[in-house]
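A.B. asks: Data file my_file13.tsv (TSV, C-alpha atoms) is appended below.
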chain	number	residue	atom	x	y	z
A	112	MET	CA	-25.73	30.67	-23.19
A	113	ALA	CA	-23.95	27.54	-22.11
A	114	ASP	CA	-20.69	28.65	-23.68
A	115	ASP	CA	-21.05	32.06	-22.04
A	116	GLY	CA	-21.49	30.28	-18.70
A	117	LEU	CA	-18.28	28.31	-19.17
A	118	ALA	CA	-16.37	31.40	-20.24
A	119	GLU	CA	-17.60	33.20	-17.13
A	120	ALA	CA	-16.63	30.18	-15.02
A	121	LEU	CA	-13.06	30.38	-16.33
A	122	ARG	CA	-12.93	34.08	-15.46
A	123	GLU	CA	-14.40	33.39	-12.02
A	124	ALA	CA	-11.89	30.58	-11.40
A	125	ALA	CA	-9.01	33.01	-11.86
A	126	ARG	CA	-10.28	35.27	-9.07
A	127	SER	CA	-8.49	34.92	-5.77
A	128	PRO	CA	-11.43	34.00	-3.46
A	129	VAL	CA	-12.48	31.09	-5.68
A	130	ARG	CA	-8.97	29.91	-6.35
A	131	ALA	CA	-8.12	30.18	-2.65
A	132	ALA	CA	-11.15	28.07	-1.76
A	133	PHE	CA	-10.04	25.34	-4.17
A	134	ARG	CA	-6.34	25.51	-3.30
A	135	GLU	CA	-6.50	26.13	0.45
A	136	ALA	CA	-9.88	25.40	2.05
A	137	LEU	CA	-10.56	22.25	0.02
A	138	PRO	CA	-7.19	20.51	0.58
A	139	ALA	CA	-7.29	21.49	4.27
A	140	TRP	CA	-10.70	19.83	4.53
A	141	PHE	CA	-9.34	16.77	2.73
A	142	ASP	CA	-6.49	16.36	5.20
A	143	GLY	CA	-9.01	15.82	7.99
A	144	ALA	CA	-11.70	13.97	6.02
A	145	ARG	CA	-9.76	11.64	3.73
A	146	ARG	CA	-10.82	8.00	3.87
A	147	PRO	CA	-8.17	5.37	4.57
A	148	MET	CA	-7.52	3.38	1.40
A	149	PRO	CA	-4.81	0.77	0.78
A	150	TRP	CA	-3.49	2.54	-2.32
A	151	ARG	CA	-2.99	5.75	-0.34
A	152	GLU	CA	-0.45	4.15	1.97
A	153	PRO	CA	3.08	5.48	1.32
A	154	GLY	CA	6.04	3.19	0.78
A	155	PRO	CA	9.26	3.08	2.84
A	156	ASP	CA	10.53	6.18	1.05
A	157	GLY	CA	7.43	8.16	2.06
A	158	ARG	CA	6.07	8.20	-1.49
A	159	ARG	CA	3.33	6.16	-3.04
A	160	ASP	CA	4.12	3.19	-5.21
A	161	PRO	CA	3.23	4.28	-8.79
A	162	TYR	CA	2.24	0.71	-9.67
A	163	ARG	CA	-0.28	0.45	-6.81
A	164	VAL	CA	-1.68	3.88	-7.67
A	165	TRP	CA	-2.02	2.78	-11.28
A	166	VAL	CA	-3.85	-0.45	-10.41
A	167	SER	CA	-6.22	1.40	-8.10
A	168	GLU	CA	-7.08	4.06	-10.67
A	169	VAL	CA	-7.84	1.46	-13.33
A	170	MET	CA	-10.08	-0.41	-10.90
A	171	LEU	CA	-11.84	2.70	-9.62
A	172	GLN	CA	-13.05	3.93	-13.01
A	173	GLN	CA	-16.85	3.54	-12.81
A	174	THR	CA	-16.46	1.40	-9.67
A	175	ARG	CA	-17.15	2.37	-6.07
A	176	VAL	CA	-14.31	2.36	-3.54
A	177	GLU	CA	-16.11	-0.20	-1.38
A	178	THR	CA	-16.33	-2.58	-4.35
A	179	ALA	CA	-12.80	-2.04	-5.64
A	180	THR	CA	-10.96	-2.35	-2.31
A	181	PRO	CA	-11.10	-6.17	-1.86
A	182	TYR	CA	-10.21	-6.65	-5.52
A	183	PHE	CA	-7.23	-4.33	-5.12
A	184	ARG	CA	-5.98	-6.22	-2.07
A	185	ARG	CA	-6.23	-9.62	-3.78
A	186	PHE	CA	-4.73	-8.34	-7.01
A	187	THR	CA	-1.70	-6.65	-5.43
A	188	GLU	CA	-1.10	-9.55	-3.05
A	189	ARG	CA	-0.82	-11.87	-6.04
A	190	PHE	CA	0.97	-9.32	-8.27
A	191	PRO	CA	2.88	-7.03	-5.89
A	192	THR	CA	5.04	-5.52	-8.65
A	193	VAL	CA	4.78	-4.62	-12.31
A	194	ARG	CA	7.06	-7.54	-13.15
A	195	ASP	CA	4.82	-9.99	-11.30
A	196	LEU	CA	1.84	-8.82	-13.32
A	197	ALA	CA	3.78	-8.86	-16.59
A	198	GLU	CA	4.87	-12.47	-16.04
A	199	ALA	CA	1.36	-13.73	-15.20
A	200	GLY	CA	-0.92	-15.51	-17.63
A	201	GLN	CA	-3.96	-13.65	-18.88
A	202	ASP	CA	-6.35	-16.29	-17.52
A	203	GLU	CA	-5.08	-15.71	-13.99
A	204	VAL	CA	-5.30	-11.93	-14.38
A	205	LEU	CA	-8.89	-12.15	-15.58
A	206	LYS	CA	-9.80	-14.59	-12.83
A	207	LEU	CA	-8.66	-12.11	-10.18
A	208	TRP	CA	-10.63	-9.39	-12.01
A	209	GLU	CA	-13.76	-11.55	-12.25
A	210	GLY	CA	-16.87	-9.69	-11.10
A	211	LEU	CA	-15.29	-6.23	-11.30
A	212	GLY	CA	-16.40	-5.74	-14.90
A	213	TYR	CA	-14.85	-3.75	-17.74
A	214	TYR	CA	-12.48	-6.60	-18.54
A	215	SER	CA	-10.73	-4.71	-21.34
A	216	ARG	CA	-9.13	-2.66	-18.56
A	217	ALA	CA	-7.63	-5.79	-17.04
A	218	ARG	CA	-6.30	-6.93	-20.42
A	219	ASN	CA	-4.86	-3.48	-21.14
A	220	LEU	CA	-3.29	-3.26	-17.69
A	221	HIS	CA	-1.67	-6.68	-18.23
A	222	ARG	CA	-0.30	-5.67	-21.65
A	223	ALA	CA	0.84	-2.32	-20.29
A	224	ALA	CA	2.77	-4.04	-17.49
A	225	GLN	CA	4.53	-6.17	-20.08
A	226	GLN	CA	5.40	-3.01	-22.02
A	227	VAL	CA	6.71	-1.31	-18.87
A	228	VAL	CA	9.03	-4.26	-18.27
A	229	ALA	CA	10.15	-4.39	-21.90
A	230	ASP	CA	10.60	-0.65	-22.50
A	231	HIS	CA	11.13	0.90	-19.05
A	232	ASP	CA	13.01	-1.77	-17.08
A	233	GLY	CA	9.99	-2.41	-14.90
A	234	GLU	CA	9.62	1.20	-13.72
A	235	VAL	CA	6.30	2.98	-14.28
A	236	PRO	CA	7.24	5.94	-16.50
A	237	SER	CA	6.86	9.39	-14.94
A	238	ASP	CA	6.86	11.12	-18.33
A	239	GLU	CA	3.34	11.90	-19.58
A	240	GLU	CA	4.04	11.01	-23.20
A	241	ALA	CA	5.64	7.69	-22.24
A	242	PHE	CA	2.80	6.82	-19.87
A	243	ARG	CA	0.13	7.74	-22.42
A	244	ALA	CA	1.80	5.34	-24.88
A	245	LEU	CA	0.88	2.38	-22.64
A	246	PRO	CA	-2.22	0.32	-23.57
A	247	GLY	CA	-5.36	1.73	-21.98
A	248	ALA	CA	-3.65	4.81	-20.52
A	249	GLY	CA	-6.04	7.63	-21.37
A	250	PRO	CA	-6.03	11.25	-20.17
A	251	TYR	CA	-7.76	10.55	-16.85
A	252	THR	CA	-5.51	7.60	-15.91
A	253	ALA	CA	-2.38	9.53	-16.85
A	254	ALA	CA	-3.42	12.60	-14.85
A	255	ALA	CA	-4.38	10.55	-11.81
A	256	VAL	CA	-1.34	8.27	-11.70
A	257	LEU	CA	1.27	10.89	-12.57
A	258	SER	CA	-0.11	13.53	-10.19
A	259	LEU	CA	-0.55	11.15	-7.25
A	260	ALA	CA	2.70	9.25	-7.69
A	261	PHE	CA	5.04	11.89	-9.17
A	262	ASP	CA	3.35	15.26	-8.41
A	263	THR	CA	3.05	15.97	-12.14
A	264	PRO	CA	0.80	19.05	-12.52
A	265	LEU	CA	-2.11	17.41	-14.36
A	266	ALA	CA	-5.74	17.93	-13.34
A	267	VAL	CA	-8.08	14.94	-13.37
A	268	LEU	CA	-11.59	15.11	-14.76
A	269	ASP	CA	-13.93	12.34	-13.65
A	270	GLY	CA	-17.60	12.24	-12.69
A	271	ASN	CA	-16.93	13.54	-9.19
A	272	VAL	CA	-14.86	16.48	-10.44
A	273	ILE	CA	-17.44	17.32	-13.11
A	274	ARG	CA	-20.19	17.40	-10.47
A	275	VAL	CA	-18.19	19.69	-8.17
A	276	LEU	CA	-17.23	22.11	-10.95
A	277	THR	CA	-20.67	22.35	-12.54
A	278	ARG	CA	-22.22	23.06	-9.14
A	279	VAL	CA	-19.68	25.58	-7.90
A	280	PHE	CA	-19.92	27.55	-11.15
A	281	ALA	CA	-23.58	26.69	-11.98
A	282	ILE	CA	-22.63	25.51	-15.45
A	283	ASP	CA	-25.73	24.68	-17.47
A	284	ALA	CA	-24.00	23.18	-20.51
A	285	ASP	CA	-24.60	19.49	-21.28
A	286	ALA	CA	-21.97	17.66	-19.23
A	287	ARG	CA	-22.11	14.65	-21.58
A	288	SER	CA	-20.92	16.59	-24.62
A	289	GLY	CA	-17.28	16.42	-25.66
A	290	ARG	CA	-17.10	20.21	-26.04
A	291	THR	CA	-18.29	20.78	-22.47
A	292	ARG	CA	-15.88	18.21	-21.09
A	293	ARG	CA	-12.95	19.88	-22.84
A	294	GLN	CA	-13.97	23.22	-21.34
A	295	LEU	CA	-14.38	21.64	-17.90
A	296	GLN	CA	-10.87	20.25	-18.27
A	297	ASP	CA	-9.65	23.80	-18.96
A	298	LEU	CA	-11.46	24.93	-15.80
A	299	ALA	CA	-9.85	22.18	-13.71
A	300	ASP	CA	-6.44	23.11	-15.16
A	301	VAL	CA	-6.90	26.72	-14.04
A	302	LEU	CA	-7.92	25.72	-10.51
A	303	LEU	CA	-5.26	23.04	-10.03
A	304	ASP	CA	-2.63	23.73	-7.39
A	305	PRO	CA	0.61	23.15	-9.37
A	306	ALA	CA	2.62	22.85	-6.17
A	307	HIS	CA	0.52	19.95	-4.83
A	308	PRO	CA	-1.40	18.50	-7.79
A	309	GLY	CA	-1.90	15.03	-6.33
A	310	ARG	CA	-3.36	16.36	-3.09
A	311	TRP	CA	-5.57	18.77	-5.05
A	312	ASN	CA	-6.90	16.06	-7.36
A	313	GLU	CA	-7.69	13.73	-4.48
A	314	SER	CA	-9.42	16.47	-2.51
A	315	VAL	CA	-11.80	17.33	-5.36
A	316	MET	CA	-12.58	13.66	-6.07
A	317	GLU	CA	-13.08	12.96	-2.36
A	318	LEU	CA	-15.43	15.91	-2.05
A	319	GLY	CA	-17.53	14.66	-4.95
A	320	ALA	CA	-17.61	11.12	-3.59
A	321	THR	CA	-18.52	11.94	0.03
A	322	VAL	CA	-20.06	15.42	0.25
A	323	CYS	CA	-21.02	16.77	-3.17
A	324	THR	CA	-22.92	13.59	-3.96
A	325	PRO	CA	-25.42	13.15	-6.83
A	326	ARG	CA	-28.39	13.06	-4.44
A	327	SER	CA	-28.84	14.92	-1.14
A	328	PRO	CA	-25.40	16.61	-1.08
A	329	ALA	CA	-24.17	17.68	2.36
A	330	CYS	CA	-23.78	21.33	1.41
A	331	PRO	CA	-23.60	22.78	4.95
A	332	ARG	CA	-20.34	20.92	5.62
A	333	CYS	CA	-18.79	21.56	2.20
A	334	PRO	CA	-15.58	23.63	2.27
A	335	LEU	CA	-16.60	25.29	-1.01
A	336	ASN	CA	-20.09	26.40	-0.05
A	337	ASP	CA	-19.00	30.05	0.30
A	338	VAL	CA	-18.17	30.16	-3.42
A	339	CYS	CA	-20.70	27.63	-4.72
A	340	GLN	CA	-23.31	29.20	-6.98
A	341	ALA	CA	-25.58	26.14	-6.99
A	342	TYR	CA	-25.66	26.23	-3.17
A	343	ALA	CA	-26.43	29.95	-3.23
A	344	ARG	CA	-29.36	29.24	-5.53
A	345	GLY	CA	-30.57	26.43	-3.28
A	346	ALA	CA	-30.50	24.02	-6.22
A	347	PRO	CA	-27.34	21.87	-6.13
A	348	GLU	CA	-29.12	18.84	-7.60
A	349	ALA	CA	-29.94	20.82	-10.75
A	350	PHE	CA	-26.30	20.31	-11.75
A	351	PRO	CA	-24.69	18.82	-13.69
A	352	VAL	CA	-27.03	19.25	-16.63
A	353	VAL	CA	-27.04	16.11	-18.76
A	354	SER	CA	-28.81	15.15	-21.96
A	355	LYS	CA	-31.21	12.23	-21.87
A	356	ARG	CA	-29.76	8.82	-22.61
A	357	ALA	CA	-31.15	6.74	-25.44
A	358	PRO	CA	-33.39	3.83	-24.39
A	359	VAL	CA	-31.37	0.87	-23.16
A	360	PRO	CA	-31.60	-2.07	-25.61
A	361	HIS	CA	-32.66	-5.49	-24.32
A	362	HIS	CA	-31.52	-8.83	-25.77
A	363	THR	CA	-32.75	-12.34	-25.06
A	364	ILE	CA	-29.89	-14.83	-24.94
A	365	ALA	CA	-29.92	-18.63	-24.98
A	366	VAL	CA	-26.92	-20.72	-23.85
A	367	GLY	CA	-26.38	-24.45	-23.69
A	368	LEU	CA	-24.81	-26.43	-20.88
A	369	VAL	CA	-23.62	-29.46	-22.79
A	370	ILE	CA	-22.76	-32.08	-20.18
A	371	ASP	CA	-21.08	-35.42	-20.99
A	372	ASP	CA	-21.27	-38.78	-19.21
A	373	ALA	CA	-18.34	-37.78	-16.96
A	374	SER	CA	-20.29	-34.74	-15.68
A	375	ARG	CA	-18.05	-32.35	-17.59
A	376	VAL	CA	-19.54	-29.22	-19.13
A	377	LEU	CA	-18.46	-27.63	-22.40
A	378	ILE	CA	-17.16	-24.05	-22.27
A	379	GLN	CA	-15.46	-21.77	-24.76
A	380	ARG	CA	-13.31	-18.66	-24.50
A	381	ARG	CA	-14.47	-15.36	-25.98
A	382	PRO	CA	-12.31	-13.70	-28.66
A	383	GLU	CA	-9.79	-11.15	-27.40
A	384	ASP	CA	-11.28	-8.31	-29.46
A	385	ALA	CA	-14.87	-8.94	-28.33
A	386	MET	CA	-16.73	-7.55	-25.35
A	387	LEU	CA	-15.69	-9.57	-22.28
A	388	GLY	CA	-12.77	-10.80	-24.37
A	389	GLY	CA	-10.65	-13.55	-22.86
A	390	LEU	CA	-13.33	-14.73	-20.45
A	391	TRP	CA	-14.88	-18.18	-20.64
A	392	GLU	CA	-18.58	-18.72	-21.30
A	393	PHE	CA	-21.22	-21.26	-22.17
A	394	PRO	CA	-21.87	-21.38	-25.92
A	395	GLY	CA	-24.96	-19.63	-27.22
A	396	GLY	CA	-26.21	-16.31	-28.53
A	397	LYS	CA	-29.15	-14.02	-29.26
A	398	VAL	CA	-32.63	-15.38	-29.75
A	399	GLU	CA	-33.90	-14.31	-33.18
A	400	ASP	CA	-37.42	-13.18	-34.03
A	401	GLY	CA	-39.80	-16.11	-34.18
A	402	GLU	CA	-37.53	-18.43	-32.18
A	403	THR	CA	-38.02	-19.89	-28.76
A	404	PRO	CA	-34.96	-19.76	-26.47
A	405	GLY	CA	-34.64	-23.55	-26.79
A	406	GLU	CA	-34.64	-23.36	-30.60
A	407	ALA	CA	-32.06	-20.57	-30.49
A	408	CYS	CA	-29.83	-22.68	-28.24
A	409	VAL	CA	-29.84	-25.56	-30.77
A	410	ARG	CA	-29.14	-23.19	-33.69
A	411	GLU	CA	-26.38	-21.25	-31.93
A	412	LEU	CA	-24.46	-24.39	-30.93
A	413	ARG	CA	-24.76	-25.69	-34.48
A	414	GLU	CA	-23.39	-22.42	-35.87
A	415	GLU	CA	-20.72	-21.83	-33.22
A	416	LEU	CA	-19.43	-25.34	-32.57
A	417	ALA	CA	-20.69	-27.47	-35.47
A	418	VAL	CA	-22.59	-29.84	-33.14
A	419	GLU	CA	-26.16	-31.01	-32.85
A	420	VAL	CA	-27.61	-30.96	-29.37
A	421	GLU	CA	-30.86	-31.91	-27.75
A	422	VAL	CA	-32.22	-29.38	-25.28
A	423	SER	CA	-33.73	-30.75	-22.10
A	424	ALA	CA	-34.38	-29.01	-18.81
A	425	PRO	CA	-33.89	-25.28	-18.26
A	426	ILE	CA	-31.18	-24.62	-15.66
A	427	ALA	CA	-31.56	-20.88	-15.02
A	428	ARG	CA	-33.07	-17.62	-16.21
A	429	VAL	CA	-30.79	-14.66	-15.51
A	430	GLU	CA	-31.51	-10.94	-15.79
A	431	HIS	CA	-28.35	-8.85	-16.12
A	432	ALA	CA	-27.51	-5.25	-17.02
A	433	TYR	CA	-24.34	-4.11	-18.75
A	434	SER	CA	-23.33	-0.49	-19.22
A	435	HIS	CA	-25.24	0.00	-22.50
A	436	PHE	CA	-27.76	-2.85	-22.71
A	437	ARG	CA	-29.64	-5.48	-20.70
A	438	ILE	CA	-30.06	-9.20	-21.25
A	439	THR	CA	-32.29	-12.04	-20.21
A	440	MET	CA	-30.26	-15.25	-20.40
A	441	HIS	CA	-31.93	-18.64	-20.66
A	442	ALA	CA	-29.60	-21.55	-19.83
A	443	PHE	CA	-30.50	-25.10	-20.82
A	444	ARG	CA	-29.05	-28.49	-20.01
A	445	CYS	CA	-28.14	-30.11	-23.34
A	446	ARG	CA	-27.17	-33.55	-24.62
A	447	LEU	CA	-24.61	-33.86	-27.41
A	448	VAL	CA	-26.27	-35.77	-30.26
A	449	SER	CA	-23.60	-35.58	-32.96
A	450	GLY	CA	-20.44	-33.75	-33.99
A	451	GLU	CA	-17.12	-32.93	-32.37
A	452	PRO	CA	-17.17	-29.42	-30.81
A	453	ALA	CA	-14.87	-26.98	-32.57
A	454	SER	CA	-15.05	-23.17	-32.36
A	455	GLU	CA	-15.77	-21.48	-35.69
A	456	THR	CA	-13.47	-18.60	-34.68
A	457	GLY	CA	-10.65	-20.87	-33.51
A	458	GLU	CA	-11.02	-19.88	-29.86
A	459	PRO	CA	-10.16	-22.52	-27.22
A	460	ILE	CA	-12.88	-24.83	-25.93
A	461	ALA	CA	-12.70	-27.12	-22.90
A	462	TRP	CA	-14.60	-29.90	-21.16
A	463	VAL	CA	-14.49	-29.01	-17.47
A	464	PRO	CA	-15.82	-30.87	-14.42
A	465	ILE	CA	-18.64	-28.92	-12.84
A	466	ASP	CA	-16.75	-28.61	-9.55
A	467	ALA	CA	-13.73	-27.13	-11.42
A	468	LEU	CA	-15.61	-24.26	-13.09
A	469	ASP	CA	-14.47	-21.90	-10.32
A	470	ASP	CA	-10.94	-22.14	-11.74
A	471	TYR	CA	-12.03	-20.20	-14.84
A	472	ALA	CA	-12.97	-16.54	-15.22
A	473	PHE	CA	-16.58	-16.08	-16.40
A	474	PRO	CA	-18.81	-13.03	-16.94
A	475	ARG	CA	-21.17	-12.37	-14.04
A	476	ALA	CA	-24.28	-13.65	-15.86
A	477	ASN	CA	-22.53	-16.96	-16.63
A	478	ARG	CA	-21.36	-17.17	-13.02
A	479	ARG	CA	-24.99	-17.05	-11.87
A	480	VAL	CA	-25.76	-19.92	-14.24
A	481	ILE	CA	-22.88	-21.88	-12.69
A	482	GLU	CA	-24.35	-21.30	-9.24
A	483	ALA	CA	-27.68	-22.70	-10.43
A	484	LEU	CA	-25.95	-25.68	-12.05
A	485	ILE	CA	-24.02	-26.50	-8.87
A	486	GLU	CA	-27.15	-26.13	-6.77
A	487	GLU	CA	-28.99	-28.52	-9.09
A	488	ALA	CA	-26.13	-31.04	-8.93
A	489	ARG	CA	-26.20	-30.97	-5.12
A	490	ALA	CA	-29.96	-31.31	-4.83
A	491	PRO	CA	-31.19	-34.69	-3.56
A	492	ARG	CA	-32.82	-36.82	-6.22
A	493	LEU	CA	-35.72	-39.20	-5.81
A	494	LEU	CA	-34.99	-42.79	-6.85
Would you mind writing the file out in C-alpha cells?
C.D. replies:
Amino acid sequence: MADDGLAEALREAARSPVRAAFREALPAWFDGARRPMPWREPGPDGRRDPYRVWVSEVMLQQTRVETATPYFRRFTERFPTVRDLAEAGQDEVLKLWEGLGYYSRARNLHRAAQQVVADHDGEVPSDEEAFRALPGAGPYTAAAVLSLAFDTPLAVLDGNVIRVLTRVFAIDADARSGRTRRQLQDLADVLLDPAHPGRWNESVMELGATVCTPRSPACPRCPLNDVCQAYARGAPEAFPVVSKRAPVPHHTIAVGLVIDDASRVLIQRRPEDAMLGGLWEFPGGKVEDGETPGEACVRELREELAVEVEVSAPIARVEHAYSHFRITMHAFRCRLVSGEPASETGEPIAWVPIDALDDYAFPRANRRVIEALIEEARAPRLL
C-alpha cells in the first residue's frame, strides 16, 4: 500500500496543476516570505559565494537557523575564504564550532577545505563528482551547495522537504526507511524546476521551516494548500509517517578534575576517530555495574592515564542528551597521589590554568563542568 502511494505520488507530480504549484506558486511565495540570512547575501558579482553557502549548509544540518546564524558569522569572519580555513589549525576550527555539536562535520569541512586548496586551486568545485569526493560531502550537501551556488539541477531532500512532500501527496510509507527516502528523492527530482533549482530548493525548505511545520502548520497561508492531500483530509499532522525509535540509552559517567598546587587542571584530547574527536575533555568514563561514580573515577584515571588519584569533593552533576543517548556526568575534584599522567592512546594531555580553559574546545557537558569549577573557585571561602 505504501509503495502504491509513492507510485501514485510520482504520477500525480507529473500532472500540470501539481507541478505548476511547486514550480510557480511556491517560488513566488518564497520571493515575498524568504527570511534574511547572511549566507543568502550575494557577492559583488550578484552570485552567492559557494564557500559561504557550503559553510552554512554544513552548519544547518540538524540545527535551527537561529542557532546557526551567530556561529556562521563568527566562523566566516575568522575564515572568510576556503584558503583561510585550510590554513587554520584544527583546535581553532573546533573552538569556533564549540557548542554547535556534530563536530565530525567541522573536522570534515576543515579537511575538505584543505583538499579544495590542494586539488582545485582554492575554488569550490562546481562539478558534482568532484564535490562529492570532498570529505563529508554527502548527497544533501552536494545538492544544496551546487544548486544554490551554481544552479546545478539537483533536488535536496532534508526533513523539511520530506514533511512537505509526504503531506502534499499523503504518503503513508515510513519516512525513516531508506527505500522511502530514495522514492521521495525521485519525487523531489520530478518536481524540481531545472531552470531555477536553487530557488526551488530554498522555497521548499523555507516552506517546511516556517509554514509546513511539524506541529500546528499554518495551512491556510500555504501556497500549496490547493494541491495538498493532507490539508484536504484535515490531517496534516498525520504525516510524515515514521516508525517508533528505539529507547534512548542512558549512561552514567564519572570524570576527574585533577588539580595541582598551581591551580592547573589536567585535560586530555579525544582521539580523532572517536565521537567528539579532537575536542578536549576531563579524563573519565562510564560507571560500571556495582561501582559508585567516585570509584569509577579512580579506576578510569588509572586505566586512561596510569595515575592514582584521591577523589574529594563533587564539583558538578550534569544531565546531557546527545542524538542517540543520554548521560549523567559526575565530576569530582581529585588529588594526584602517584604516577605521571600519560594517555594510553597517545593523545595529547595538558595542565591548564583554570582561567585558561576557555581557550580550548570542549564538549557541552564538559563546558558546564568548567562553569561549575570557575564558580567554585570564585566563591568566598571562610577562614
A.B. asks: Work out how far apart atom CA of A:Arg410 and atom CA of A:Val480 are and give it in Å to one decimal.
C.D. replies: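 Distance between the two atoms: 20.0 Å.
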A.B. asks: Select, counting only C-alpha atoms, all protein, DNA and RNA residues no farther than 12 Å from (-23.7, 16.6, -15.2) in file coordinates, and express the selection as a PyMOL selection string.
C.D. replies: chain A and resi 269-278+281-288+291-292+295+324-325+347-355
A.B. asks: Which one is closest to A:Trp150: A:Trp462, A:Trp391, A:Phe280, A:Tyr182? Count only C-alpha atoms.
C.D. replies: A:Tyr182
A.B. asks: Could you work out how far atom CA of A:His441 lies from atom CA of A:Asn477, giving the answer in Å with one decimal?
C.D. replies: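 Distance reported for this atom pair: 10.4 Å.
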A.B. asks: Work out how far atom CA of A:Leu298 is from atom CA of A:Val315, in Å to one decimal.
C.D. replies: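 About the pair atom CA of A:Val315 and atom CA of A:Leu298: they are 12.9 Å apart.
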A.B. asks: Please provide the set of residues having any atom within 7 Å of stretch 234-243 of chain A, restricted to only C-alpha atoms, with same-chain residues fewer than 3 positions apart removed, written as an MDAnalysis selection string.
C.D. replies: chainID A and resid 161:162 227 231 248:249 253 257 261
A.B. asks: Padding 5 Å on every side, please: axis-aligned box over the listed atoms of stretch 269-272 of chain A, centre and edge lengths to one decimal in Å, as AutoDock Vina command-line options.
C.D. replies:
--center_x -15.8 --center_y 14.4 --center_z -11.4 --size_x 13.7 --size_y 14.2 --size_z 14.5
A.B. asks: With only C-alpha atoms as the basis for distance, which of A:Ala472, A:Ile481, A:Ala266, A:Ala132 is at the shortest distance from A:Glu313?
C.D. replies: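 Checking each candidate against A:Glu313, we get A:Ala266 as the closest.
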A.B. asks: List the spatial neighbours of A:Val429 as a list in words - criterion: any atom at most 12 Å away, all atoms listed in the file, same-chain residues fewer than 4 positions off excluded.
C.D. replies: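 Skipping anything fewer than 4 positions along the chain leaves His362, Thr363, Ile364, Ala365, Val366, Pro425, Arg437, Ile438, Thr439, Met440, His441, Ala442, Phe443, Arg475, Ala476, Asn477, Arg478, Arg479, Val480, Ile481, Glu482 and Ala483 of chain A.
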A.B. asks: Residues proximal to (-20.7, 1.9, -17.3) were defined as those with any atom within 12 Å of that point in the file's coordinates, counting all atoms listed in the file. Which are they, as a ChimeraX atom specification?
C.D. replies: /A:171-175,211-214,270,432-436
A.B. asks: Select, from A:Cys445, A:Ala120, A:Ala417, A:Leu390, the residue with the minimum atom-to-atom distance to A:Ser374, counting only C-alpha atoms.
C.D. replies: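 Answer, going by the shortest atom-to-atom distance: A:Cys445.
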A.B. asks: From the set A:Val164, A:Ala346, A:Val420, A:Ala453, which residue has the shortest atom-to-atom contact distance to A:Arg380, counting all atoms listed in the file?
C.D. replies: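 Looking only at the distances to A:Arg380, the closest residue turns out to be A:Ala453.
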A.B. asks: From the list A:Ala320, A:Ala124, A:Ala244, A:Val448, which residue is nearest A:Glu177 when using only C-alpha atoms?
C.D. replies: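 Under the stated criterion, the closest residue is A:Ala320.
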A.B. asks: From the set A:Met316, A:Leu220, A:Val418, A:Ala299, which residue has the shortest atom-to-atom contact distance to A:Arg146, counting all atoms listed in the file?
C.D. replies: A:Met316
A.B. asks: Please provide the set of residues having any atom within 10 Å of A:Met148, restricted to only C-alpha atoms, with same-chain residues fewer than 5 positions apart removed, written as number ranges by chain.
C.D. replies: A: 167, 176-177, 180
A.B. asks: Report as a ChimeraX atom specification all protein, DNA and RNA residues lying within 8 Å of A:Arg145, evaluated on only C-alpha atoms, omitting residues in the same chain fewer than 3 positions from it.
C.D. replies: /A:141-142,314,317
A.B. asks: Which neighbours of A:Arg222 fall inside 7 Å, counting only C-alpha atoms, when residues of the same chain fewer than 4 positions from it are skipped, and could you give them as a tab-separated table (two decimals) with C-alpha atoms, keeping the file's coordinate frame?
C.D. replies:
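In the end it all went to result-v3.tsv:
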chain	number	residue	atom	x	y	z
A	218	ARG	CA	-6.30	-6.93	-20.42
A	226	GLN	CA	5.40	-3.01	-22.02
A	246	PRO	CA	-2.22	0.32	-23.57
